[in-house]
Every structure is written in structure tokens, then in C-alpha cells.
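These notes are about the structure you will find just below.
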Amino acid sequence: MTDFAKRFKLINYYPPFIGAGIRVVRTDADFTEIEVQMKLRWWNRNVVGTQFGGSLYMMCDPFFMAILMTHLGRGYIVWDKAARIDFLKPGRGRVTAIFRIPPEEIARIRAEADRQPKLEPEFEVDVVDDAGVVVARVHKTLYVRKKPPK
């Protein structure tokens, strides 16, 4: 595991995550999968008593980028470029999102970034409630390029 992946565990102490009730509950050993949860609390509830949309998006913001940054290393630039969230059902309790980028996909992205000036891989994650019902679907576009030699 890289230094970034080791330090990443500190994200649960990031004040905006604490304030929204967002927690990273699991990362796999090779840091290609991250599980994030958010419980419904009085402070992250919207006016109709369900999960606040901004909190639903925030729980999905940095994780695909973090996985790629970890695996591509310092020789590559990885940024979030665009995002869209589709709200499908009201979130009335704890919600979970599992972010996954398989090793083969990471290898493909690295190979493309080595050949092209930039690429914009797209990812999607479902936010589900405890019954497995999809509450929201988040689409992320990242920006990836190899750093020029110094």
C-alpha cells in the first residue's frame, strides 16, 4: 500500500465528512475498492426528512480519484473533471456506496495515459440503502495525464 493509501485512512477525520456523518468503513488490501457509509442524522437531513442531496454527492466525491492517484503514482496528474448525480429514491436511513476500479482498468488507464496527451475516464457508483434500493447514481469523469519529464 502506498503512503497515500495509508494516509487516506485519516479522511474519516476530515471536518466536512464528520459534519455530514460520512465514514469510510472499508478499503480492500490492494486499495482498488472503498466502501463509504452515511447514516441519516438530524444534521444531514433535508426539509422533508431524507438524506440531503449535497451530502449524498459529497460521500461520492473523492474516491475514484483517490484510487487512481494511489495506483498511478506521482508520475501522473489525476483530477475530478465533472460529475452528475441522479436522485432516484429518497434516502431514509443509512446509505452505502462502494467505489471499485479493477486492476485491469487501472492498467488500461495507465497505458492510455502513456500514449495520449490526456484522457477522461468515466465511472459510476450507486448509493444504496440497507435494503439494497438504489437511492442515487453518481457519474464521475476524471482527468488523467502523464506528467512531463523534468
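Lettering and numbering for the C-alpha cells are positional, with chains as A, B, ... in the shown order, residues counted from 1 in each chain, and ligands counted from 1 in the shown order.
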Q: Determine which residues of chain A DSSP labels as alpha helix (DSSP H) from the backbone of this structure, then write them out as a PyMOL selection string.
A: chain A and resi 3-8+15-20+53-58+63-72+103-115
Requested write-out: C-alpha atoms of the selected residues, as a compact mmCIF listing (two decimals), in the first residue's frame:
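Contents of the output file result.txt:
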```txt
# COMPACT_ATOMS: atom_id res chain seq x y z
CA ASP A 3 1.88 6.24 1.58
CA PHE A 4 -1.18 7.96 0.14
CA ALA A 5 -3.35 4.91 0.80
CA LYS A 6 -2.03 4.70 4.37
CA ARG A 7 -2.73 8.41 4.99
CA PHE A 8 -6.12 8.07 3.31
CA PRO A 15 -14.27 18.02 9.19
CA PRO A 16 -16.75 18.14 6.26
CA PHE A 17 -17.07 14.34 6.40
CA ILE A 18 -17.55 14.40 10.17
CA GLY A 19 -20.17 17.12 9.78
CA ALA A 20 -22.08 15.15 7.15
CA GLY A 53 -28.60 15.69 -1.68
CA GLY A 54 -25.35 17.59 -1.12
CA SER A 55 -24.29 15.04 1.48
CA LEU A 56 -25.16 12.17 -0.89
CA TYR A 57 -22.90 13.72 -3.50
CA MET A 58 -20.13 14.55 -1.01
CA PHE A 63 -12.95 8.15 -4.03
CA PHE A 64 -12.45 7.24 -7.69
CA MET A 65 -9.77 9.93 -7.86
CA ALA A 66 -8.10 8.55 -4.71
CA ILE A 67 -7.97 5.01 -6.11
CA LEU A 68 -6.39 6.17 -9.37
CA MET A 69 -3.93 8.54 -7.66
CA THR A 70 -2.78 5.70 -5.44
CA HIS A 71 -2.21 3.26 -8.29
CA LEU A 72 -0.84 5.60 -10.94
CA PRO A 103 -6.65 -3.65 -11.59
CA GLU A 104 -7.19 -4.34 -15.31
CA GLU A 105 -8.98 -0.99 -15.71
CA ILE A 106 -6.19 0.81 -13.84
CA ALA A 107 -3.63 -0.84 -16.16
CA ARG A 108 -5.68 0.21 -19.21
CA ILE A 109 -5.89 3.81 -17.97
CA ARG A 110 -2.13 3.88 -17.31
CA ALA A 111 -1.38 2.54 -20.80
CA GLU A 112 -3.69 5.08 -22.43
CA ALA A 113 -2.25 7.94 -20.37
CA ASP A 114 1.22 6.88 -21.51
CA ARG A 115 0.13 7.11 -25.19
```
(Q) What parts of chain A does DSSP call strand (DSSP E)? I'd like the answer as number ranges by chain. (A) A: 22-27, 33-38, 76-87, 95-100, 122-129, 134-146
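The shell of residues at most 6 Å from segment 84-94 of chain A, with only C-alpha atoms counted and near chain neighbours (fewer than 3 positions) removed, consists of Met38, Lys39, Leu40, Thr50, Gln51, Asp129, Val135, Ala136, Arg137, Val138 and His139 of chain A.
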Since we have the selection now, will you write its residues out, keeping C-alpha atoms, as a PDB file, in the first residue's frame?
```pdb
ATOM      1  CA  MET A  38     -23.604   7.743   5.802  1.00  0.00           C
ATOM      2  CA  LYS A  39     -26.280   7.425   8.451  1.00  0.00           C
ATOM      3  CA  LEU A  40     -29.309   9.689   8.420  1.00  0.00           C
ATOM      4  CA  THR A  50     -34.500  12.393   3.929  1.00  0.00           C
ATOM      5  CA  GLN A  51     -30.785  12.374   3.089  1.00  0.00           C
ATOM      6  CA  ASP A 129     -29.940   1.934   1.299  1.00  0.00           C
ATOM      7  CA  VAL A 135     -31.140   5.960  -3.771  1.00  0.00           C
ATOM      8  CA  ALA A 136     -28.803   7.845  -6.118  1.00  0.00           C
ATOM      9  CA  ARG A 137     -26.440   7.161  -9.007  1.00  0.00           C
ATOM     10  CA  VAL A 138     -23.307   9.262  -9.342  1.00  0.00           C
ATOM     11  CA  HIS A 139     -21.417   9.641 -12.625  1.00  0.00           C
TER      12      HIS A 139
END
```
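Taking atom CA of Glu33 of chain A and atom CA of Pro102 of chain A as endpoints, the distance between them is 8.2 Å.
Closest to Thr27 of chain A among A:Lys9, A:Lys150, A:Arg74, A:Phe123 is A:Lys9, based on only C-alpha atoms.
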